[in-house]
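For reference, the structure is listed below as structure tokens.
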Amino acid sequence: MSGRYVRGLREVDPTQRELVGGKGAHLGGLTRLDGVRVPAGFCVTTDAFRRVTALAPGLDGQLDRLARLAPTDRAAIDVLSAQLRRTIEGVTVPDDVATEVTRALETLGEHGRYAVRSSATAEDLPTASFAGQQDSYLNVVGPAAVLRQISRCWGSLFTARAVTYRQRNGIDHRRVAMAVVVQRMVPAGAAGVLFTADPVTGNRRVSFVEAGLGLGEALISGLVDADVFRVRDDRVVARTIAAKRHALRTTTTGGTRVVAIDPQRQDQPALTDPQVVRLARLGRRIEAHFGQPQDVEWCLVDDDFQIVQTRPVTTLFPVPVADDTDNHVYVSVGHQQMMTDPMKPLGYSMYQLIAARPMYEAAGRLFADVTPELASPTRRAGLLAALGRSDPLIGDALRTVVERGDFVREVPDEKPAGPPPGPAAPPVETDPELVTELITRIDDANAALRREIRTKSGPALLDVIRTDFPRLTRMMIDPRSIPVIMAGMEAVWWLNEHLQEWLGERNAADPLTQSVPHNVTSEMGLALLDVADAIRPYPEVVAFLSRVADDGGPDREHDGPGGPDDLLAGLDQLAGGREARVAIVSWLDRYGMRGVGEIDITRPRWRERPAMLVPLILGNIRNFAPGAGGRHFEQGLRTARDKEREVLERLRALPDGGADKADRTKRMIDRARTFVGYREYPKYGMVTRTFAYKQALLAEADRLVADGVLRDREDIWYLTFPELDEVVRTRRVDDGLIRRRMAEHLSYRALTPPRVLTSEGEIVAGTYRRDDVPVGALVGLAVSAGTVEGRARVVRDVAQADLEPGDILVTPYTDPSWTPLFVTVAGLVTEVGGLMTHGAVIAREYGLPAVVGVVDATRLIPDGQRIRVHGTDGYVELLP
């Protein structure tokens, strides 16, 4: 059967994707797997498709126009896709192609019935399935009809849905080709889909089966409801049996039709439990063959399962790799650090080397294994309390796992060895000098590193950075620093608890801790208002910056245009340009090491891309009068002082010990204001230090590019730190590895990381378990007191924010780079966050009502919708 344009399925293997497409390659692999039956057939190769498209008039021009369309331009895509299909389907199948197809049909039985299905080279990929994007035709009878449907399959490479899918996944239309699979049509009594991992929960040990009567196309297209079975450990653990009023059957003349099911058969399952278990076992064999969970289409013929398609399940979140087979429970680090985007390999590997506890990577995200804490009766309580306070959804998910009782095995706590512990350390004195001393220590240590690293290159540079990792770790968990941070947090908790008890006031600490000293992140936002003040008097500078913004703004993923030289040099020739440059550079000297996603060393920083600041500066010029930064800070101070005076007066008026309560509260207010601002500084110090690493590593990357070792300086982002160390020492690199990592990183962007994930792949979602909110309200965590109404502005990219005073910012998460926006908005809603994460801390500092941890907030709240944020009670209302 083998020829230039036709290959038998048994002649095909998974290495021939470019010749037979994803579907054909997978089916070819299955024909070699013992115990798996695949209907006989052949593939019409991509060579045939390319032969036809070379004859298609005007195709190149149509593809050029298609490449210029945005994936959101649905109307234009619909029109151009239809033109492309007509162009391709209008080409007569060349005689030599038609001859090979006809000969292959004669081998199978010229007058048989066939399924003719598309098999694109960009479908059934490990990172993008393209399920349902191209066409299939069932029960096709006769060579002429088969050739006609092959032509239609070729054209279906450009269905509007396939075009949009490729554009959203960054796949070039010209690099994709279409093969076609032709197989004998099997008389299925039942058919359906098998997922070898539960597509809802992600659990890899649970198989998920959908089954219906007749042909599977009715089920896949949604024409009929399916029976649903879940299988674990060779046992059906859950089932839902659908009413089967209709089925899709073949006709004697070709094609299919919908038939009615006998009423006595409608409520019976399409498969027996033994058949479901047998199918699940077959799926495990297929999964093992391909090395990852599979989405399998099957048919049941006379109690025998035949497989008509298998593809990887691309929507599952990967499981961190463990070196044992024990059960593990993982908690997302990104949800704690306010950066749930995927990190590149150099970024996550360096974070792993710096972290105080082991971190495990999956899909570019980091996770902490909390199984030991959950297994310990005493440590578990502390973990659940801490994480539950920080993020109630994480806390509830972990409680769910523990309460099941079958996943985490409890391990009795070991008795402490040696002498009993000594007396507890004395409490930290409320002394502002402690904070000053800690800040000076961090700054001095970072300055010493910069001096040391400045003269190093090659292996010596990597040695210095590797040696410095433990020093940075110690800086982050400094035993002198942690008590100060905890003292501030505990003072806030004390105030909230006692003032609610004594005065009935919730979250009273929020106004009491506005405009505290030493909060480097809130100071950063106010300092950018001062930059706007320096630029505002100079119209030429404002006009220049407006042109920079109108040109589309910076590309945050790459260095290049928009860098320091492009923006700052452009100021030099303008009236007021020198003053503007001094203001911007001074701000960058203090805060330029920060940027979006700053825990990932590979992400651009403001010093590298000052153009990222332009929309923020222009917004400040537009929305605020001169001196706004100072006024904002002074207003916060007045609010805090007025609130302190009010609280103390109310306490002194209490009939039972009011004076003592007021004195205790005054001491805690002073303690909170002394220490709470410092909490932001260790991370600022970490980012400052890692930016020094980054600058040195990029200089080394430039040397590797000059020596011909790397193609591009940013190739180092796709190497782990140990791999980069090896490249620097050997002057050799695996370029193929870098390209694969680039593709993987692109695919990881489409995955949503879970808060809690088990080693079985199960995503455990927590809930707030509240019944005290209005119907229809969106529940979250109250992190900054007050209530505010306003226009919701849904912002996913800080560089694209267009905010006006009074708007309410709705976003997936915020990190310090978002702080300059907080001076404009009236409230905050995020999907990720906790009491002490960035958005919460700065919202309290600026006096903004805020609710965080609102699941799917950016999807459920339309941009422009008027909403009411209940920052004291932790929910959001959508207003009419």
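Lettering and numbering for the structure tokens are positional, with chains as A, B, ... in the shown order, residues counted from 1 in each chain, and ligands counted from 1 in the shown order.
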
Exercise. What are the DSSP helix (DSSP H, G or I) residues of stretch 185-373 of chain A, as a ChimeraX atom specification?
Worked result: /A:217-220,263-265,273-290,334-337,345-354,371-373

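Near A:Arg731, within a cut-off of 8 Å and counting only C-alpha atoms, sit the residues Leu704, Val709 and Glu726 of chain A, with same-chain residues fewer than 5 positions away left out.
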
For this session: Quote the spacing between atom CA of A:Val6 and atom CA of A:Thr46 in Å to one decimal place.
Result: 9.4 Å

Exercise. Of the residues A:Leu366, A:Leu529, A:Glu501, A:Gly708, which is the one nearest to A:Gly629, using only C-alpha atoms?
Worked result: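 Of all the options, A:Leu529 lies closest to A:Gly629.
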
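Separating atom CA of A:Thr121 from atom CA of A:Val20 is a distance of 7.2 Å.
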
Seminar exercise, completed: A:Ile485 proximity check over A:Gln83, A:Gln865, A:Thr430, A:Gln500, using only C-alpha atoms: winner is A:Thr430
